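One structure below.
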Amino acid sequence: MRKTIKEIAEWLNIDAGEYESTYVTGVSIDTRTIKEGDLFIPFRGETTNGHKFVSQAFEKGASCSLWLKDEPNPPKGVPILFVEDCENALQLMAQKYRAELQSKFIGVTGSNGKTSTKDILASLLSPFYKVQKTIGNFNNELGLPITILSLDEDTEIAVLELGMSSFGEIEFLSKLAKPHYAVITNIGEAHMQDLGSREGIAKAKFEIIQGLDSEGILFYDGDEPLLKALVEAENHLKSKSFGFHTKNHLSIQEIEMTEKGSRFVVNGELEGEFSIPILGKHQVKNSLSAMLVAKSLGLSEAEIRQGLEQVSLTDMRMQPLLLNGILFINDAYNAAPTSMKAAIEFVKSTSMRKDKWLILGDMLELGEDEQHFHEQMAEHIDDSINRICLFGPRMKWLYDKLVSKYNDRIMYTENQHEEIVHYIKKHASEESLILLKGSRGMKLEKILEEFK
């Protein structure tokens with residue numbers, strides 16, 4: 001983005017002041033990461049007031065700052081734009097900039113796999129287009145506008161992750177992003193405490209069609225009956241399904257895991273063998289939506305195959321790490337029942353190492369059924385798993401289910417990463433494959449620090 005303060009003031013319908021010809025080349029809400037030329041946005045909350053950092057923002061190179069009209073003592077001699085509400089101003093700027101861009105926009109949501117699918121899409125398309133994507137978890141009512149405003153004016157494809165915790169949020173984000181293509185990866189149990197049921201989660205994710213271009217296409221998990229019913233109720237919606245069922249527009253027929261990643265065979269709108277340098281059956285399924293989007297954009301089968309072979313994911317998502325001879329699979333960015341089952345299934349099915357371990361941390365935000373969801377994991381753990389380490393107060397429920405079967409091959413700690421480190425050092429070997437999976441708040445990646 002390269003806009004004068006005058007142009008931004010016109011977007012916001014406010015006075016530009018005496019610095020109207022000064023250029024803004026980005027936006028920032030954090031002086032720790034601010035870049036030269038950024039417009040600083042000082043949010044005011046219950047515990048902090050960003051206006052205290054405006055002077056620091058200018059010292060670090062900010063070209064302009066917003067300032068709330070009811071906030072006293074604005075700085076003198078620097079470009080300031082006075083607004084009624086900083087959040088509304090940020091969102092309005094993103095809306096105006098989005099309207100100017102000629103990029104193709106892809107919106108991605110779902111209970112699990114949003115970030116992986118975003119990464120797969122961006123990697124697959126990057127050899128053929130100028131692609132930008134959501135960085136980190138900038139996927140909410142503040143993060144999405146910042147992401148849009150960070151797009152280069154000549155970006156050809158924008159891959160945007162849309163996150164939520166309650167009804168109405170995906171609709172708002174979709175109407176802001178106005179995607180040409182929308183992806184719903186799956187429906188799981190995350191945010192059950194806010195949305196009440198899987199049906200509620202499905203309806204909340206399905207809000208992504210509210211901002212979808214009139215000629216746009218929804219790509220969705222066709223193995224999920226809740227999504228199929230919602231799609232069938234929308235007579236004029238263009239859609240394509242993906243999954244394991246052969247009735248999908250693109251289906252998986254065969255999967256093989258190797259030390260180089262996943263090899264798989266598909267049928268439907270694409271045919272034949274493909275591969276990705278990523279582990280996990282669920283990641284193969286995530287790849288299907290990216291393949292369908294790429295085909296709709298006009299890529300050939302050969303180009304899709306080429307793009308998939310160079311895919312890479314954000315850290316802590318089925319990330320293999322060879323440390324002290326032990327093969328760790330770091331999938332500890334987040335967890336919900338659906339993604340935890342998928343990760344466990346990967347460990348059970350892989351032949352990469354003989355000694356298979358699970359290190360599982362609490363799954364958070366599951367509402368009143370959280371005990372059931374944790375205990376249910378016992379149904380997916382069988383004799384192919386050699387050792388289990390459980391971490392967090394909620395995982396005590398699973399420990400109680402498994403301890404009589406595993407005896408001295410299972411351990412539990414409520415909050416001590418060090419106890420698990422000690423257990424690994426005592427029992428693991430170069431034959432061990434160890435999965436780390438838990439919600440973000442459990443910080444299981446701390447366990448790895450002792451082995452690096």
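Just so we're on the same page: first chain in the structure tokens is A, next is B, and so on; residues restart at 1 for each chain, and ligands are numbered from 1 in the order they show up.
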Quick one: everything within 6 Å of stretch 220-228 of chain A, counting only C-alpha atoms, minus sequence neighbours fewer than 4 positions away in the same chain. Send it as a ChimeraX atom specification.
/A:183-186,241-243,248
Compile a residue-level contact table for stretch 6-125 of chain A against stretch 129-140 of chain A at a cut-off of 8 Å, reporting for every qualifying residue the shortest atom pair and its distance in Å to one decimal, with only C-alpha atoms counted, rows ordered by chain and ascending number, as JSON lines.
```
{"residue": "A:Lys118", "atom": "CA", "partner": "A:Lys133", "partner_atom": "CA", "distance": 7.3}
{"residue": "A:Asp119", "atom": "CA", "partner": "A:Lys133", "partner_atom": "CA", "distance": 7.8}
{"residue": "A:Ala122", "atom": "CA", "partner": "A:Val131", "partner_atom": "CA", "distance": 6.3}
{"residue": "A:Leu125", "atom": "CA", "partner": "A:Tyr129", "partner_atom": "CA", "distance": 6.1}
```
Mind writing the picked residues with N, CA and C atoms as an mmCIF file, in the first residue's frame?
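Below is the file result-v1.cif, written as the result:
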```cif
data_model
loop_
_atom_site.group_PDB
_atom_site.id
_atom_site.type_symbol
_atom_site.label_atom_id
_atom_site.label_comp_id
_atom_site.auth_asym_id
_atom_site.auth_seq_id
_atom_site.Cartn_x
_atom_site.Cartn_y
_atom_site.Cartn_z
ATOM 1 N N LYS A 118 -4.308 -22.640 4.456
ATOM 2 C CA LYS A 118 -3.811 -21.347 3.966
ATOM 3 C C LYS A 118 -2.382 -21.477 3.467
ATOM 4 N N ASP A 119 -1.541 -22.153 4.250
ATOM 5 C CA ASP A 119 -0.136 -22.324 3.860
ATOM 6 C C ASP A 119 -0.006 -23.172 2.599
ATOM 7 N N ALA A 122 -1.130 -21.067 -0.447
ATOM 8 C CA ALA A 122 -0.145 -20.050 -0.817
ATOM 9 C C ALA A 122 1.084 -20.686 -1.454
ATOM 10 N N LEU A 125 0.283 -22.040 -5.074
ATOM 11 C CA LEU A 125 0.041 -21.006 -6.094
ATOM 12 C C LEU A 125 1.242 -20.097 -6.331
#
```
Give the answer as one residue: which of A:Ile276, A:Leu12, A:Leu288, A:Val265 has the shortest atom-to-atom distance to A:Asn88, using only C-alpha atoms?
A:Leu12
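Interatomic distance, atom CA of A:Asp15 against atom CA of A:Thr48: 27.1 Å.
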Got a sec: who's within 8 Å of A:Val311, counting only C-alpha atoms, leaving out chain neighbours fewer than 6 positions off, as a ChimeraX atom specification?
/A:119-120,123-124,276-278
Show which residues sit within 12 Å of A:Glu269, as a ChimeraX atom specification. Count only C-alpha atoms, and ignore same-chain residues fewer than 2 positions away.
/A:240-242,246-252,266-267,271-272,288-289,291-296,300-301
Near A:Gln95, counting only C-alpha atoms, which residues have an atom at most 10 Å away, once you skip same-chain residues fewer than 5 positions from it, shown as a list in words?
Trp11, Ala89, Leu90, Glu100, Pro145, Ile148, Leu149, Lys175, Leu176, Ala177 and Lys178 of chain A
From the set A:Pro127, A:Gly50, A:Lys3, A:Leu160, which residue has the shortest atom-to-atom contact distance to A:Met93, counting only C-alpha atoms?
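The closest residue to A:Met93 is A:Lys3.
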I need the residues in stretch 117-348 of chain A that are alpha helix (DSSP H) according to DSSP; give them as JSON, numbers by chain.
{"A": [117, 118, 119, 120, 121, 122, 123, 124, 125, 143, 144, 145, 146, 147, 148, 149, 169, 170, 171, 172, 173, 174, 175, 176, 177, 192, 193, 194, 195, 198, 199, 200, 201, 202, 203, 204, 205, 206, 225, 226, 227, 228, 229, 230, 231, 232, 281, 282, 283, 284, 285, 286, 287, 288, 289, 290, 291, 292, 293, 294, 295, 296, 301, 302, 303, 304, 305, 306, 307, 308, 337, 338, 339, 340, 341, 342, 343, 344, 345, 346, 347, 348]}
Nearest candidate to A:Ser312 (options A:Ile157, A:Ile381, A:Leu327, A:Leu121; using only C-alpha atoms):
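Looking only at the distances to A:Ser312, the closest residue turns out to be A:Leu121.
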d(atom CA of A:Ser275, atom CA of A:Arg263) in Å
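Atom CA of A:Ser275 sits 4.3 Å away from atom CA of A:Arg263.
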To one decimal place in Å, what is the distance between atom CA of A:Glu87 and atom CA of A:Pro42?
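Separation between atom CA of A:Glu87 and atom CA of A:Pro42: 9.3 Å.
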Pick out the residues sitting within 7 Å of stretch 388-391 of chain A, and hand them over as a PyMOL selection string; count only C-alpha atoms, and ignore anything fewer than 4 positions along from it in its own chain.
chain A and resi 357-362+395+399+409-415+420
Using the selection just defined, write its residues with C-alpha atoms as a PDB file, in the first residue's frame.
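Heads up, here's the output in selection27.pdb:
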```pdb
ATOM      1  CA  TRP A 357       4.912 -42.075  21.672  1.00  0.00           C
ATOM      2  CA  LEU A 358       2.067 -39.656  22.357  1.00  0.00           C
ATOM      3  CA  ILE A 359       2.565 -36.489  24.396  1.00  0.00           C
ATOM      4  CA  LEU A 360      -0.907 -34.978  24.712  1.00  0.00           C
ATOM      5  CA  GLY A 361      -1.886 -31.724  26.418  1.00  0.00           C
ATOM      6  CA  ASP A 362      -5.283 -30.365  27.426  1.00  0.00           C
ATOM      7  CA  MET A 395      -5.777 -34.870  30.648  1.00  0.00           C
ATOM      8  CA  TYR A 399      -4.994 -40.825  32.258  1.00  0.00           C
ATOM      9  CA  ARG A 409       4.209 -47.073  30.052  1.00  0.00           C
ATOM     10  CA  ILE A 410       2.075 -44.015  30.845  1.00  0.00           C
ATOM     11  CA  MET A 411       2.812 -40.953  32.961  1.00  0.00           C
ATOM     12  CA  TYR A 412       0.875 -37.836  33.949  1.00  0.00           C
ATOM     13  CA  THR A 413       1.781 -34.370  35.172  1.00  0.00           C
ATOM     14  CA  GLU A 414      -0.551 -31.466  35.758  1.00  0.00           C
ATOM     15  CA  ASN A 415       1.837 -28.622  34.918  1.00  0.00           C
ATOM     16  CA  ILE A 420       8.026 -35.169  30.690  1.00  0.00           C
TER      17      ILE A 420
END
```
